Amino acid sequence: MTALNRVPSLMARAGTASALTLAAVGGSIAVPGLSADASAATLATKALNIAASKKGAPYQWGATGPRRFDCSGLTLYSFKKAGKKLPRTAAQQYNRTHHISSGSRRAGDLVFFHYGSNVYHVGIYAGHNKIWHAPKSGSVVRLEKIWTRSVWYGRVS
């Protein structure tokens, strides 16, 4: 085999190594046509991870972090750190999101608890019917199973 015949094989190995290196260091590859979905997924994943990093932070009504939170303060803080500004209250956040069905929900979507048409609580969907949220006075930020069917889902874009 001549050196010229080995060039494609070497290039293929270099491409594989580059892709593996990129994956190992957490890099990304731009894929045409997927950028909007990918950036929304990245935003949601970042916000979810930020909320999870606040596990154990005390609940305080009106608090928006970084050490204490109420429910909408946690979602506001998490998405702000991920690069997206949300309004202050759960109801305002619901009005700012793209409303989706429970079958379409993904990790990082917002979960809005409601009584009739009134939104009273919000958390970040973590998958497996669980949310990260700041539940109530005397509690802390935690992962918890969704306890009611009176929820709506919203996607931040």
# chains A, B, ... in the order shown; residues from 1 in each chain; ligands from 1
>>> closest_atom_pairs(of="region 60-128 of chain A", to="region 139-155 of chain A", cutoff="10 Å", atoms="only C-alpha atoms", output="tab-separated table")
residue	atom	partner	partner_atom	distance
A:Gln60	CA	A:Ser139	CA	8.8
A:Arg68	CA	A:Val140	CA	8.6
A:Phe69	CA	A:Val141	CA	7.7
A:Asp70	CA	A:Val141	CA	8.7
A:Cys71	CA	A:Val141	CA	8.6
A:Leu74	CA	A:Val141	CA	8.3
A:Gln93	CA	A:Gly154	CA	8.6
A:Tyr94	CA	A:Gly154	CA	6.5
A:Asn95	CA	A:Gly154	CA	8.8
A:Arg96	CA	A:Gly154	CA	8.4
A:Thr97	CA	A:Gly154	CA	5.0
A:His98	CA	A:Arg155	CA	5.0
A:His99	CA	A:Gly154	CA	4.4
A:Ile100	CA	A:Tyr153	CA	5.5
A:Ser101	CA	A:Tyr153	CA	6.4
A:Ser102	CA	A:Tyr153	CA	6.6
A:Gly103	CA	A:Tyr153	CA	9.8
A:Ser104	CA	A:Tyr153	CA	8.8
A:Arg105	CA	A:Tyr153	CA	6.9
A:Arg106	CA	A:Arg155	CA	8.6
A:Ala107	CA	A:Arg155	CA	9.9
A:Gly108	CA	A:Arg155	CA	7.9
A:Asp109	CA	A:Arg155	CA	4.9
A:Leu110	CA	A:Gly154	CA	5.1
A:Val111	CA	A:Tyr153	CA	4.8
A:Phe112	CA	A:Trp152	CA	5.0
A:Phe113	CA	A:Val151	CA	4.5
A:His114	CA	A:Ser150	CA	5.8
A:Tyr115	CA	A:Ser150	CA	6.9
A:Gly116	CA	A:Ser150	CA	8.4
A:Val119	CA	A:Val151	CA	8.8
A:His121	CA	A:Val151	CA	9.3
A:Val122	CA	A:Val151	CA	9.2
A:Gly123	CA	A:Leu143	CA	9.5
A:Ile124	CA	A:Leu143	CA	9.4
A:Tyr125	CA	A:Tyr153	CA	8.8
A:Ala126	CA	A:Leu143	CA	8.0
A:Gly127	CA	A:Lys145	CA	9.6
A:His128	CA	A:Lys145	CA	8.2
>>> atom_distance(atom1="CA of Ala51 (chain A)", atom2="CA of Pro66 (chain A)")
10.5 Å
>>> residues_around(residues="Gly138 (chain A)", least_positions_apart="3", cutoff="9 Å", atoms="only C-alpha atoms", output="list in words")
Pro58, Tyr59, Gln60 and Pro135 of chain A
>>> select_by_dssp(residues="region 49-122 of chain A", states="strand (DSSP E or B)", output="PyMOL selection string")
chain A and resi 58-59+64+69+98-100+110-115+118-122
>>> select_by_dssp(residues="region 32-134 of chain A", states="helix (DSSP H, G or I)", output="number ranges by chain")
A: 35-53, 71-82, 90-96, 102-104
>>> write_last_selection(atoms="N, CA and C atoms", output="CSV table (one decimal), in the first residue's frame")
chain,number,residue,atom,x,y,z
A,35,SER,N,-31.0,24.1,15.0
A,35,SER,CA,-30.5,25.0,15.9
A,35,SER,C,-31.5,25.6,16.9
A,36,ALA,N,-32.7,25.8,16.5
A,36,ALA,CA,-33.8,26.4,17.4
A,36,ALA,C,-34.1,25.3,18.4
A,37,ASP,N,-34.4,24.1,18.0
A,37,ASP,CA,-34.7,23.0,18.9
A,37,ASP,C,-33.5,22.8,19.9
A,38,ALA,N,-32.4,22.7,19.3
A,38,ALA,CA,-31.2,22.4,20.1
A,38,ALA,C,-30.9,23.5,21.2
A,39,SER,N,-31.1,24.8,20.8
A,39,SER,CA,-30.9,25.9,21.7
A,39,SER,C,-32.0,25.9,22.8
A,40,ALA,N,-33.2,25.6,22.4
A,40,ALA,CA,-34.3,25.5,23.4
A,40,ALA,C,-34.0,24.4,24.4
A,41,ALA,N,-33.5,23.2,23.9
A,41,ALA,CA,-33.2,22.1,24.8
A,41,ALA,C,-32.0,22.4,25.7
A,42,THR,N,-31.0,23.1,25.1
A,42,THR,CA,-29.9,23.5,25.9
A,42,THR,C,-30.3,24.5,27.0
A,43,LEU,N,-31.2,25.4,26.7
A,43,LEU,CA,-31.7,26.4,27.7
A,43,LEU,C,-32.4,25.7,28.8
A,44,ALA,N,-33.3,24.8,28.4
A,44,ALA,CA,-34.1,24.0,29.4
A,44,ALA,C,-33.2,23.2,30.3
A,45,THR,N,-32.3,22.5,29.7
A,45,THR,CA,-31.4,21.6,30.4
A,45,THR,C,-30.5,22.4,31.4
A,46,LYS,N,-30.0,23.6,30.9
A,46,LYS,CA,-29.2,24.4,31.8
A,46,LYS,C,-30.1,24.9,33.0
A,47,ALA,N,-31.3,25.4,32.7
A,47,ALA,CA,-32.2,25.8,33.8
A,47,ALA,C,-32.5,24.7,34.8
A,48,LEU,N,-32.8,23.5,34.3
A,48,LEU,CA,-33.1,22.4,35.1
A,48,LEU,C,-31.9,22.1,36.0
A,49,ASN,N,-30.7,22.1,35.5
A,49,ASN,CA,-29.5,21.8,36.3
A,49,ASN,C,-29.2,22.9,37.3
A,50,ILE,N,-29.5,24.1,37.0
A,50,ILE,CA,-29.3,25.2,37.9
A,50,ILE,C,-30.3,25.1,39.1
A,51,ALA,N,-31.6,24.7,38.8
A,51,ALA,CA,-32.6,24.5,39.8
A,51,ALA,C,-32.1,23.4,40.7
A,52,ALA,N,-31.7,22.3,40.1
A,52,ALA,CA,-31.2,21.1,40.9
A,52,ALA,C,-30.0,21.5,41.8
A,53,SER,N,-29.2,22.4,41.3
A,53,SER,CA,-28.0,22.8,42.1
A,53,SER,C,-28.4,23.6,43.4
A,71,CYS,N,-41.4,29.8,44.8
A,71,CYS,CA,-41.5,28.9,43.6
A,71,CYS,C,-41.1,29.6,42.3
A,72,SER,N,-41.7,30.8,42.0
A,72,SER,CA,-41.4,31.5,40.8
A,72,SER,C,-40.1,32.1,40.8
A,73,GLY,N,-39.6,32.4,42.0
A,73,GLY,CA,-38.2,32.9,42.2
A,73,GLY,C,-37.2,31.9,41.7
A,74,LEU,N,-37.4,30.6,42.0
A,74,LEU,CA,-36.5,29.6,41.6
A,74,LEU,C,-36.5,29.4,40.1
A,75,THR,N,-37.7,29.5,39.5
A,75,THR,CA,-37.8,29.3,38.0
A,75,THR,C,-37.2,30.6,37.3
A,76,LEU,N,-37.5,31.7,37.8
A,76,LEU,CA,-36.9,33.0,37.3
A,76,LEU,C,-35.4,32.9,37.4
A,77,TYR,N,-34.8,32.6,38.6
A,77,TYR,CA,-33.4,32.5,38.8
A,77,TYR,C,-32.7,31.5,37.8
A,78,SER,N,-33.3,30.3,37.7
A,78,SER,CA,-32.7,29.2,36.9
A,78,SER,C,-32.7,29.6,35.5
A,79,PHE,N,-33.8,30.1,34.9
A,79,PHE,CA,-33.8,30.5,33.5
A,79,PHE,C,-32.9,31.8,33.3
A,80,LYS,N,-32.9,32.7,34.2
A,80,LYS,CA,-32.0,33.9,34.0
A,80,LYS,C,-30.5,33.4,33.9
A,81,LYS,N,-30.1,32.5,34.8
A,81,LYS,CA,-28.7,32.0,34.8
A,81,LYS,C,-28.5,31.2,33.5
A,82,ALA,N,-29.5,30.6,33.0
A,82,ALA,CA,-29.4,29.9,31.7
A,82,ALA,C,-29.4,30.8,30.5
A,90,ALA,N,-45.7,33.2,39.0
A,90,ALA,CA,-46.0,32.0,38.3
A,90,ALA,C,-47.1,32.2,37.2
A,91,ALA,N,-48.1,33.1,37.5
A,91,ALA,CA,-49.1,33.4,36.5
A,91,ALA,C,-48.5,34.1,35.3
A,92,GLN,N,-47.6,35.1,35.6
A,92,GLN,CA,-47.0,35.8,34.5
A,92,GLN,C,-46.1,34.9,33.7
A,93,GLN,N,-45.4,34.0,34.4
A,93,GLN,CA,-44.6,33.0,33.6
A,93,GLN,C,-45.4,32.1,32.8
A,94,TYR,N,-46.6,31.7,33.3
A,94,TYR,CA,-47.4,30.8,32.5
A,94,TYR,C,-47.8,31.6,31.2
A,95,ASN,N,-48.2,32.9,31.3
A,95,ASN,CA,-48.6,33.7,30.2
A,95,ASN,C,-47.5,33.9,29.2
A,96,ARG,N,-46.2,33.7,29.6
A,96,ARG,CA,-45.1,34.0,28.7
A,96,ARG,C,-44.6,32.7,28.0
A,102,SER,N,-49.4,17.5,28.2
A,102,SER,CA,-48.5,16.6,29.1
A,102,SER,C,-47.8,15.6,28.3
A,103,GLY,N,-48.3,15.2,27.2
A,103,GLY,CA,-47.6,14.2,26.4
A,103,GLY,C,-46.4,14.8,25.6
A,104,SER,N,-46.4,16.1,25.5
A,104,SER,CA,-45.2,16.8,24.9
A,104,SER,C,-44.2,17.3,25.8
